[in-house]
Structure formats: structure tokens, C-alpha cells
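**Student:** Below you will find the structure I want to go over with you.
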Amino acid sequence: MSGQYNVDTYPLPVSVAFSGPDNTGKTKQIGILARRMGRAATSAGPLDHYDPRWGAIKGDGMARWWFETGPVEEVADVLATSYLERSRHPFSAPVRLLDRGIPMLEASVAATVAVREDLDAAQAADRARLLLDPYETDLRAAEEGEHALVLLHCDDSEEGTRRSLSHEVTVTDIYAAYQRHLHEQINRLVRDGRFAMSIRIGDRPTVTIQDEVRRLLAPLHPEVPGRALAGVHITALGGMSESGKSTAGEYLRTQHGHARLKIGYLIEDAAGRAGIHDPYRLGPIVQAELIVDALDRFCQAHHFLDSVSIESLHDFDSTAELARMLGPQLSIAYLDASEATRTRRGTAGARDVANRDLVKSARGADKIASIAHEVIGNDGPRLELERRLDRVALDRRWPEHQPCTMPVNALGLPVHLESYLAEFLDRTTGMRPLIDLLAVTGSGARGKYQHGWSDLDVLVVADTSALDEMRQILAELEAELGGVKLGMTVLTRAECRVGAVTSRILHVLALIGSGALAPLWSTPGLALPAPDAVTDVAVSLRDGIQAAIEIRRQLLKGTPDLRGLYKVTALLAKIQLRFSGIECPSDSDALIVLLDAERQDTSVVATARTERPAAEVLARLVLQAWLDTLPGETR
């Protein structure tokens, strides 16, 4: 929002009070939200701005006055006066953010008298109410003017106290006792319903809490942004000069759809909005907050984004703070290359690389490797770098899945094929398994196997070191196939994890990941990536293109291969249906569904497997449905 707040245009302003024990992140959450909202929000600042007595109190030692020398009546009066003066202070922004609401006054006074007068929780609460009785009417009015939000470590007072104190450098016995009582009093107020909104922060990162804060506050005023980097993953690239960060960022952009942003741009954009002239003179925590603020704005403006890469991480301390703020939403990838390699890549000579390295080292950029999620060696070929980046990108998008298995006899295959598969598994999955997984794919996996027509298609996951023994086993068992064509695809785990597979195998992995296809055997604990449905559909386009070409190759032959023409026609039908969200594993089902959608006669499907004219008619219909999706030519 810019300009003066107009009450005729916008809803009435609101005050939101963030309460909670010490070290629950109240001030940080207020700061992040206030910076993000700009002129639409104002922070009321600390309580000691609202009573002149705080100056002398702090000069004499605030802790000493609070717990020892100041009469409890005076402590209650200074606190109550400060809270009330703050509530009366005018503000013009649509949203005012308060650090500690009126219920915290009661909790603080009760915890103070509990320590000073050795009272239990109930006695302390009664004593606090008595001390605050002269202000009761004004305090009630002030509380009614606040929207109360409380941040808690957890619901258990003892555990909450432990967490609060763990953030302190030094802890006195008095302060520890105060925190214990404060947690008890706040939990009592929560039970009494004094806070309309509450958040348990647990071990969650800062931005996750900020997202929950915004979801709770957004209904209160339209100026409050609804989310904070929700569903967005950030890959942050670090490394010394010429280590390949720019190459990595561009690959993530072009191959994995990441928005590519520069950290310098993010810092300077957020600093400019906040009126900060030289953000690089600020501490690392503020720099990290500026990065997050700019990311938040950018991703809200581009709401369709779910993946962003930022480069280049330049400072160890700000990177560590960024990791604390973003938690699992951040992946740090450090590009590591030898000095000789980096010098060779530098276009301005060895001295230029060395000078830039000195600047980066002074900021601790080289130490970022110690906190990186991935350290990627980049002395080798570019292909190796790209496969490592594939793994970084796909680890998040393709969650790993431990497949459930099914017995061979559940497939409904002919007896001799069941026997063949059982014997193959016997020989490859003993005390020293040769393979990691075996799954039957194609029609054999779906109870649609047709003798004399179908192949036996099998996917095996195994290391290449097993190929020689597997070849021998296959040779010894070949006679048991009874002339059925075996189509065996062998892949390594690594190929699956980086997506270095054909579109058809990617579809099989997606089926296994969703549970739609169960392998016959899997080594205990094996986890394979489960490609997402969007990627599965998108990559199948290549198979559709190839199928459309192959259909015309077959039609140009004097005598097309009947089986080959039917199979490729069915494949093209399946792929077209997949783009409509329809999965038809059966060839005939897919052809019927597609023709029905195109309002074509489906009776041709019944004879297309055995009669060449019917197969050609069917192929032309399916091909035309594919071509109709293309834009027409203008003449």
C-alpha cells in the first residue's frame, strides 16, 4: 500500500497483539510481517517507549528493579501504564502490530509476584488481579481493541520453559523461576480463552510460522498477505569463483522450471523498499531477512512458482540464518571445483579469480560447504554436473516410495510364464541378491495378457555388475518362455533417482510409486522415486510424437506389420487420453474410450487385431485425433 490510509476506502484499522513466553519469536514474526506489509502496517515498538520512568529503571538495572528493589505495586503500575498508553497511541496504518497484548500484562505481573513472594500459580494469579484492579476498566477496553495471538513452544509448561531458557547465554535462578511461572500463567490464560488465536511453534522454521501467522490474520484485514512462501522450494547455490554456479542456475531454470534469481537483486530490492541505503553494512541476520522478504514478494507476484534458485551465496553467517528461517524449504548446493579448474575457466586470468576468492573467503563463502545439503564436485564433465543437479531437483518433486510386492500367481499369466518368472526370481534373489527389484509391466501386469499376441515385459533394477550372471540365467531359462518374446529393461537405482530413464519407464515408476503397479520382488528397504503425475504426462508427449510418426511409416508399407500397427495406434490413444486425465492401461479400452470421445464408430476396434483393413482404419482415426490438436495452417 502506498500513500495515506483512507478510512472511506479501506476497512477500519486493526491491532494485532503477539503474545507468548520469551524466545518464541514474537519480535521476529512482527518484524517480518511489518517489513512485508510496508506502509500498510506499523509496529508499536517496545513498551518502554510509553512511560518516561523506564529510562531511570534501565539506568539502575531493570532486572534488579523488577525482581528485587521495585515495590510490586510500582512494577504493576509501570507495566499497566505502559500497556494502556500504548493502546491509546494513535496510528494511521491499516494494521498495528503489538509485541505482547493485555493478557501478557496479567501473566507477567503474576509470574513476578510468584517469584518475589513465593506464591503458587493460583495465588499469584489472584495477587496479580488485585494489583491490576485499579486499571481494570481501561485494561478491559484495551484488550477488547486487540486481536490476540499467542505463540507457544508447546503445551507443556516445563518443556516450554526449557526451550525458552535454551536460547539464553546466561540464566540466573530468579530468571529461570520467572520463566517457569510465566509459562504456567500464559497456559492458564490460554485455557481461559483469552487468546483468540494460538500457534505452537515446536521446532518449525521461521517462515513456516510466519505462513501460519498470515493465514490466521488474513481474514482480519485485506492488507495482510495470505501466505508466506507457501509451497515454494528454494535451491541456493554457493561456491567459490568460477565453480559453476551460473551454469547450475541456468540448468535448473531450463530443465527443471526453476525461477532463477540473484541474491544481490533480492537484497537490494528489499532494502530499497525498506529505505535501507547500504544493506551490505547490515548484519547477516538482517541480510537473510531481506532475502526472504524479497523472495516472498516475488513468489506472491508469481504465484504459479513452486521452485526458485538463488545465487550466489556469499556469506556463511547469512546463509546459516537463511537455513534457520526457511528450514526444509531450502536446499543448499555447494559447487566445489579445484583451483586449477576454476582458474582455467576464468576469462580474466588467474589473478582475477584469486582476488575474487579472497573477497569470498573473507565472508566465509568457502565454509558454506560445511552446512550444504549437497556438495557437488564440478571438476568433471558437464554431464556429470547436470545429473547431480537432476538429483537435487527431483529429490523434492519425486518423493521416494518403498513399493509393496505381489506374488507371481496374482498376475494371471499362463502357467509356463509364471514358472519362468518364479525360477528367475529364485536364481536372482537368494542370499546374495543380484537384483534390487523386478516388476512385470505392460499387458502382463494388468491381467490383459493374450497368448500369441502379448510380450512379457519386465523391469529390473540392478547394478551393471550383475549383468553377466543375469545373462547366463536368462540363457538357461530361455526355453521355458515357449517362444514368448521377453522385453527386459535393466536400470540402476542411480538412473531412477535422477530421472535418466525413458518416458515409458518414467510412467512405470510413477505407477509403482502410486501403488497402481506392484513389483514381484523388491529388496528390503528399497525406495524408488515416485515421479509426479504432471511430469509423467508431460514427458509422454515425446512418445506421442514418435507414435504418430511410426503410424505413418507403417501405413506407407505395402503390407504393414499388423501387430506393430495396432500396438503403436493403441499407444497414441493412451497418450492422448492421459492429457485428459484418463489412464487406460488396456489397449482395446484406450482405443474405445478415445474413439467414443471423438464420436467415432468404436466397432472397428474389435477386428483391428486380426484384420489389416480394420487396423488401418483405426490407425487413421487415432492419428487424425492427434493431428486435430495441432493448429491449422493458413494459406
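Convention: chains lettered A, B, ... in C-alpha cells order; per-chain residue numbering from 1; ligands numbered from 1 as shown.
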Please identify the alpha helix (DSSP H) residues within stretch 3-209 of chain A (assignment by DSSP from backbone atoms) and present them as a PyMOL selection string.

**Tutor:** chain A and resi 26-37+53-60+62-64+72-88+102-117+121-131+136-144+157-166+173-191+206-209

**Student:** Store the residues picked out above in a file with C-alpha atoms, as a CSV table (one decimal), in the first residue's frame.

**Tutor:**
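Saved result, part-v8.csv, follows:
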chain,number,residue,atom,x,y,z
A,26,LYS,CA,7.3,-12.8,18.7
A,27,THR,CA,9.6,-9.8,17.7
A,28,LYS,CA,10.9,-11.6,14.6
A,29,GLN,CA,7.5,-12.6,13.4
A,30,ILE,CA,6.3,-9.0,13.8
A,31,GLY,CA,9.4,-7.7,12.0
A,32,ILE,CA,9.0,-10.0,9.0
A,33,LEU,CA,5.3,-9.1,8.7
A,34,ALA,CA,5.8,-5.4,9.2
A,35,ARG,CA,8.6,-5.3,6.5
A,36,ARG,CA,6.4,-7.3,4.1
A,37,MET,CA,3.4,-5.1,4.5
A,53,ARG,CA,10.1,6.1,34.1
A,54,TRP,CA,11.7,3.3,32.1
A,55,GLY,CA,14.8,5.4,31.5
A,56,ALA,CA,15.7,5.6,35.2
A,57,ILE,CA,14.7,2.0,35.7
A,58,LYS,CA,17.0,0.7,33.0
A,59,GLY,CA,19.8,3.0,34.2
A,60,ASP,CA,19.7,1.4,37.7
A,62,MET,CA,16.0,-3.3,35.1
A,63,ALA,CA,16.3,-6.9,36.3
A,64,ARG,CA,17.3,-5.7,39.8
A,72,VAL,CA,5.5,-4.9,43.3
A,73,GLU,CA,2.9,-2.1,43.3
A,74,GLU,CA,5.3,0.1,41.3
A,75,VAL,CA,6.2,-2.7,38.9
A,76,ALA,CA,2.5,-3.3,38.2
A,77,ASP,CA,1.9,0.4,37.8
A,78,VAL,CA,4.7,1.0,35.3
A,79,LEU,CA,3.7,-2.0,33.3
A,80,ALA,CA,0.0,-1.2,33.3
A,81,THR,CA,0.6,2.4,32.4
A,82,SER,CA,2.8,1.5,29.5
A,83,TYR,CA,0.3,-1.0,28.1
A,84,LEU,CA,-2.5,1.5,28.4
A,85,GLU,CA,-0.6,4.4,27.0
A,86,ARG,CA,0.4,2.2,24.0
A,87,SER,CA,-3.3,1.3,23.4
A,88,ARG,CA,-4.2,5.0,23.3
A,102,ILE,CA,-3.0,-7.1,27.5
A,103,PRO,CA,-3.2,-10.7,28.8
A,104,MET,CA,0.6,-10.8,28.9
A,105,LEU,CA,0.4,-7.9,31.4
A,106,GLU,CA,-1.5,-10.1,33.8
A,107,ALA,CA,0.8,-13.1,33.2
A,108,SER,CA,3.9,-11.0,33.7
A,109,VAL,CA,2.7,-9.5,36.9
A,110,ALA,CA,1.6,-12.9,38.2
A,111,ALA,CA,4.9,-14.5,37.4
A,112,THR,CA,6.8,-11.6,39.1
A,113,VAL,CA,4.9,-11.8,42.3
A,114,ALA,CA,5.1,-15.6,42.3
A,115,VAL,CA,8.9,-15.3,42.3
A,116,ARG,CA,9.1,-12.4,44.7
A,117,GLU,CA,6.5,-13.6,47.2
A,121,ALA,CA,0.2,-20.3,40.4
A,122,ALA,CA,-3.3,-19.7,41.7
A,123,GLN,CA,-2.2,-17.4,44.5
A,124,ALA,CA,0.0,-15.4,42.0
A,125,ALA,CA,-2.9,-15.0,39.6
A,126,ASP,CA,-5.1,-13.7,42.5
A,127,ARG,CA,-2.4,-11.3,43.6
A,128,ALA,CA,-1.9,-10.0,40.1
A,129,ARG,CA,-5.6,-9.3,39.6
A,130,LEU,CA,-5.6,-7.4,42.9
A,131,LEU,CA,-2.6,-5.3,41.8
A,136,GLU,CA,-9.4,-3.0,35.3
A,137,THR,CA,-11.9,-0.9,33.3
A,138,ASP,CA,-9.3,0.6,31.0
A,139,LEU,CA,-7.4,-2.7,30.6
A,140,ARG,CA,-10.6,-4.5,29.6
A,141,ALA,CA,-11.4,-1.8,27.0
A,142,ALA,CA,-7.8,-2.1,25.7
A,143,GLU,CA,-8.0,-5.9,25.4
A,144,GLU,CA,-11.3,-5.7,23.5
A,157,SER,CA,4.9,-25.6,30.8
A,158,GLU,CA,8.1,-27.4,31.8
A,159,GLU,CA,9.2,-28.2,28.3
A,160,GLY,CA,8.3,-24.7,27.2
A,161,THR,CA,10.4,-23.2,29.9
A,162,ARG,CA,13.3,-25.4,28.9
A,163,ARG,CA,13.1,-24.3,25.3
A,164,SER,CA,12.8,-20.6,26.3
A,165,LEU,CA,15.9,-20.8,28.5
A,166,SER,CA,17.9,-22.8,26.0
A,173,ASP,CA,18.0,-18.7,39.2
A,174,ILE,CA,15.5,-15.8,39.5
A,175,TYR,CA,15.0,-15.5,35.8
A,176,ALA,CA,14.6,-19.3,35.4
A,177,ALA,CA,11.9,-19.3,38.1
A,178,TYR,CA,10.2,-16.3,36.5
A,179,GLN,CA,10.1,-18.1,33.1
A,180,ARG,CA,8.6,-21.2,34.7
A,181,HIS,CA,5.9,-19.2,36.4
A,182,LEU,CA,5.3,-17.1,33.2
A,183,HIS,CA,4.7,-20.3,31.2
A,184,GLU,CA,2.2,-21.5,33.8
A,185,GLN,CA,0.3,-18.2,33.8
A,186,ILE,CA,0.2,-18.0,30.0
A,187,ASN,CA,-1.1,-21.6,29.7
A,188,ARG,CA,-3.7,-20.7,32.2
A,189,LEU,CA,-4.8,-17.7,30.1
A,190,VAL,CA,-4.9,-20.0,27.0
A,191,ARG,CA,-7.2,-22.4,28.9
A,206,THR,CA,10.6,-19.1,11.0
A,207,VAL,CA,8.9,-18.9,7.6
A,208,THR,CA,6.6,-21.8,8.4
A,209,ILE,CA,5.4,-20.0,11.5

**Student:** Got a sec: who's within 8 Å of A:Gln402, counting only C-alpha atoms, leaving out chain neighbours fewer than 3 positions off, as a VMD selection string?

**Tutor:** chain A and resid 513 525 to 528

**Student:** Please report the interatomic distance between atom CA of A:Gln576 and atom CA of A:Pro399 in Å with one decimal.

**Tutor:**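 Here the two named atoms are 26.4 Å from each other.
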
**Student:** Would you kindly return, as a list of chain:residue names, each protein, DNA or RNA residue with an atom no farther than 6 Å from any atom of A:Trp521, considering only C-alpha atoms and excluding same-chain residues fewer than 6 positions away?

**Tutor:**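 These residues fall inside the cut-off: A:Thr405, A:Leu437, A:Leu438.
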
**Student:** Any chance you could export the current selection's all heavy atoms as a JSON list (two decimals), in the first residue's frame?

**Tutor:**
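Below is the file that was written, part-v4.json:
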[["chain", "number", "residue", "atom", "x", "y", "z"],
["A", 405, "THR", "N", 4.92, -55.55, -2.68],
["A", 405, "THR", "CA", 5.06, -56.57, -3.72],
["A", 405, "THR", "C", 3.82, -57.46, -3.80],
["A", 405, "THR", "O", 2.96, -57.43, -2.91],
["A", 405, "THR", "CB", 6.29, -57.45, -3.46],
["A", 405, "THR", "OG1", 6.16, -58.08, -2.17],
["A", 405, "THR", "CG2", 7.56, -56.62, -3.48],
["A", 437, "LEU", "N", 15.00, -55.04, -7.71],
["A", 437, "LEU", "CA", 13.55, -55.03, -7.92],
["A", 437, "LEU", "C", 13.24, -55.69, -9.24],
["A", 437, "LEU", "O", 14.02, -55.60, -10.20],
["A", 437, "LEU", "CB", 13.03, -53.58, -7.92],
["A", 437, "LEU", "CG", 11.54, -53.38, -8.25],
["A", 437, "LEU", "CD1", 10.93, -52.32, -7.32],
["A", 437, "LEU", "CD2", 11.35, -52.97, -9.71],
["A", 438, "LEU", "N", 12.08, -56.38, -9.28],
["A", 438, "LEU", "CA", 11.57, -56.91, -10.53],
["A", 438, "LEU", "C", 10.08, -56.65, -10.60],
["A", 438, "LEU", "O", 9.34, -56.96, -9.66],
["A", 438, "LEU", "CB", 11.84, -58.41, -10.67],
["A", 438, "LEU", "CG", 11.41, -59.02, -12.01],
["A", 438, "LEU", "CD1", 12.40, -60.09, -12.47],
["A", 438, "LEU", "CD2", 10.00, -59.63, -11.93]]

**Student:** As a ChimeraX atom specification, please: the residues near A:Gln624 (cut-off 12 Å, only C-alpha atoms, same-chain neighbours under 5 positions excluded).

**Tutor:** /A:548,551-552,569,572-573,576,594-595,598,600,617-619,629-630

**Student:** Could you write out that same residue set with C-alpha atoms as a compact mmCIF listing (two decimals), in the first residue's frame?

**Tutor:**
# COMPACT_ATOMS: atom_id res chain seq x y z
CA ALA A 548 2.30 -40.55 -34.73
CA ILE A 551 1.86 -44.97 -37.66
CA ARG A 552 2.55 -43.25 -40.98
CA THR A 569 -2.04 -46.96 -32.50
CA LEU A 572 -1.04 -42.95 -29.28
CA ALA A 573 -4.59 -43.33 -27.96
CA GLN A 576 -3.97 -38.58 -25.83
CA LEU A 594 -10.75 -42.26 -27.42
CA LEU A 595 -13.00 -43.07 -30.38
CA GLU A 598 -14.22 -38.31 -30.83
CA GLN A 600 -16.38 -42.22 -33.97
CA VAL A 617 -8.91 -47.51 -40.48
CA LEU A 618 -8.37 -47.47 -36.72
CA ALA A 619 -4.84 -46.08 -37.11
CA THR A 629 -4.94 -30.99 -31.68
CA LEU A 630 -2.46 -29.05 -33.82

**Student:** Closest to A:Phe91 among A:Pro46, A:Pro613, A:Pro13, A:Gly61, using only C-alpha atoms?

**Tutor:**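 Between A:Pro46, A:Pro613, A:Pro13, A:Gly61, the residue approaching A:Phe91 most closely is A:Pro13.
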
**Student:** I'd like the contact shell of A:Cys496 - 10 Å cut-off, only C-alpha atoms, skipping same-chain residues fewer than 4 positions apart - returned as a tab-separated table (two decimals) with N, CA, C and O atoms, in the first residue's frame.

**Tutor:**
chain	number	residue	atom	x	y	z
A	391	ARG	N	19.36	-34.78	-9.52
A	391	ARG	CA	19.08	-35.41	-8.22
A	391	ARG	C	18.60	-34.38	-7.20
A	391	ARG	O	17.64	-34.61	-6.47
A	461	VAL	N	15.61	-53.55	-11.65
A	461	VAL	CA	16.55	-52.57	-11.11
A	461	VAL	C	17.72	-53.36	-10.54
A	461	VAL	O	17.53	-54.20	-9.65
A	491	LEU	N	17.80	-51.18	-15.20
A	491	LEU	CA	18.24	-49.85	-14.80
A	491	LEU	C	18.90	-49.92	-13.43
A	491	LEU	O	18.61	-50.82	-12.63
A	492	THR	N	19.76	-48.97	-13.14
A	492	THR	CA	20.34	-48.86	-11.81
A	492	THR	C	19.48	-47.95	-10.94
A	492	THR	O	18.67	-47.16	-11.45
A	500	ALA	N	17.06	-40.42	-15.31
A	500	ALA	CA	17.73	-40.74	-16.57
A	500	ALA	C	17.10	-42.00	-17.16
A	500	ALA	O	17.73	-43.06	-17.30
A	501	VAL	N	15.82	-41.89	-17.48
A	501	VAL	CA	15.04	-43.02	-17.97
A	501	VAL	C	14.18	-42.56	-19.13
A	501	VAL	O	13.95	-41.36	-19.32
A	505	ILE	N	9.50	-45.76	-19.08
A	505	ILE	CA	9.95	-46.25	-17.77
A	505	ILE	C	9.57	-45.26	-16.68
A	505	ILE	O	9.20	-45.66	-15.56
A	506	LEU	N	9.61	-43.97	-17.00
A	506	LEU	CA	9.17	-42.99	-16.01
A	506	LEU	C	7.71	-43.24	-15.65
A	506	LEU	O	7.32	-43.14	-14.48
A	509	LEU	N	7.60	-46.12	-13.24
A	509	LEU	CA	8.00	-45.68	-11.90
A	509	LEU	C	6.85	-44.92	-11.22
A	509	LEU	O	6.63	-45.05	-10.01
A	528	LEU	N	12.29	-46.17	-4.23
A	528	LEU	CA	12.45	-45.61	-5.57
A	528	LEU	C	11.68	-44.30	-5.66
A	528	LEU	O	10.67	-44.11	-4.96
A	529	PRO	N	12.13	-43.39	-6.52
A	529	PRO	CA	11.40	-42.13	-6.68
A	529	PRO	C	10.04	-42.38	-7.32
A	529	PRO	O	9.89	-43.27	-8.15
A	530	ALA	N	9.07	-41.58	-6.90
A	530	ALA	CA	7.72	-41.66	-7.48
A	530	ALA	C	7.49	-40.40	-8.29
A	530	ALA	O	7.12	-39.36	-7.74
A	531	PRO	N	7.73	-40.44	-9.61
A	531	PRO	CA	7.54	-39.24	-10.44
A	531	PRO	C	6.12	-38.69	-10.30
A	531	PRO	O	5.15	-39.44	-10.20

**Student:** Can you pull out the residues contacting A:Ile285? Cut-off 12 Å, using only C-alpha atoms, and skip same-chain residues under 5 positions away; I want them as a list in words.

**Tutor:**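 The neighbour list is Lys28, Ile32, Pro279, Tyr280, Leu290, Ile291, Val292, Asp315, Phe316, Asp317, Ser318, Thr319, Ala320, Glu321, Leu322, Ala323, Arg324 and Met325 of chain A.
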
**Student:** Can you spit out the residues from that selection as a short mmCIF file (atom, residue, chain, number, x, y, z; two decimals), in the first residue's frame, using N, CA and C atoms?

**Tutor:**
data_model
loop_
_atom_site.label_atom_id
_atom_site.label_comp_id
_atom_site.auth_asym_id
_atom_site.auth_seq_id
_atom_site.Cartn_x
_atom_site.Cartn_y
_atom_site.Cartn_z
N LYS A 28 10.53 -11.29 16.00
CA LYS A 28 10.94 -11.62 14.64
C LYS A 28 9.74 -11.76 13.71
N ILE A 32 9.11 -9.45 10.40
CA ILE A 32 8.95 -9.99 9.05
C ILE A 32 7.64 -9.50 8.43
N PRO A 279 22.58 -1.98 2.38
CA PRO A 279 22.22 -3.21 3.10
C PRO A 279 23.42 -4.10 3.40
N TYR A 280 24.52 -3.93 2.66
CA TYR A 280 25.68 -4.81 2.87
C TYR A 280 26.47 -4.44 4.12
N LEU A 290 16.13 -9.84 4.60
CA LEU A 290 15.87 -9.11 3.36
C LEU A 290 15.71 -10.07 2.18
N ILE A 291 16.55 -11.09 2.15
CA ILE A 291 16.45 -12.10 1.07
C ILE A 291 15.08 -12.77 1.11
N VAL A 292 14.67 -13.19 2.31
CA VAL A 292 13.37 -13.87 2.45
C VAL A 292 12.24 -12.92 2.08
N ASP A 315 27.97 -15.32 1.98
CA ASP A 315 28.33 -15.08 3.37
C ASP A 315 27.86 -16.27 4.22
N PHE A 316 28.76 -16.82 5.02
CA PHE A 316 28.42 -18.00 5.81
C PHE A 316 27.32 -17.71 6.83
N ASP A 317 27.47 -16.62 7.58
CA ASP A 317 26.52 -16.34 8.66
C ASP A 317 25.11 -16.07 8.12
N SER A 318 25.00 -15.31 7.03
CA SER A 318 23.67 -15.04 6.48
C SER A 318 23.07 -16.31 5.89
N THR A 319 23.92 -17.19 5.35
CA THR A 319 23.43 -18.47 4.83
C THR A 319 22.89 -19.35 5.95
N ALA A 320 23.61 -19.38 7.07
CA ALA A 320 23.15 -20.16 8.22
C ALA A 320 21.81 -19.64 8.73
N GLU A 321 21.66 -18.31 8.76
CA GLU A 321 20.39 -17.73 9.19
C GLU A 321 19.29 -18.02 8.18
N LEU A 322 19.62 -17.99 6.91
CA LEU A 322 18.65 -18.33 5.87
C LEU A 322 18.15 -19.76 6.06
N ALA A 323 19.07 -20.66 6.40
CA ALA A 323 18.69 -22.06 6.64
C ALA A 323 17.77 -22.17 7.85
N ARG A 324 18.04 -21.39 8.90
CA ARG A 324 17.16 -21.42 10.07
C ARG A 324 15.77 -20.88 9.74
N MET A 325 15.73 -19.84 8.93
CA MET A 325 14.44 -19.23 8.61
C MET A 325 13.59 -20.11 7.69
#

**Student:** Separation of atom CA of A:Val150 and atom CA of A:Ile199, in Å?

**Tutor:**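 Computing it gives 6.3 Å between the two atoms.
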
**Student:** Using Å and a single decimal, report how far atom CA of A:Glu478 sits from atom CA of A:His507.

**Tutor:**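 Separation of atom CA of A:His507 and atom CA of A:Glu478: 27.7 Å.
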
**Student:** A:Ala44, A:Cys299, A:Val605, A:Ala348: which is nearest A:Glu242, counting only C-alpha atoms?

**Tutor:**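 Ranked by minimum distance to A:Glu242, first place goes to A:Ala348.
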
**Student:** I need the residues in stretch 79-260 of chain A that are strand (DSSP E) according to DSSP; give them as a PyMOL selection string.

**Tutor:** chain A and resi 95-99+147-152+197-200+233-239+259-260

**Student:** Between A:Arg397, A:Lys485, A:His167, A:Arg214, which residue has the minimum interatomic distance to A:Val458, considering only C-alpha atoms?

**Tutor:** A:Lys485

**Student:** Identify which of the residues A:Ala422, A:Val460, A:Val169, A:Ala372 lies closest to A:Ile435, counting only C-alpha atoms when measuring atom-to-atom distances.

**Tutor:**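 Looking at the shortest contact to A:Ile435, the residue is A:Val460.
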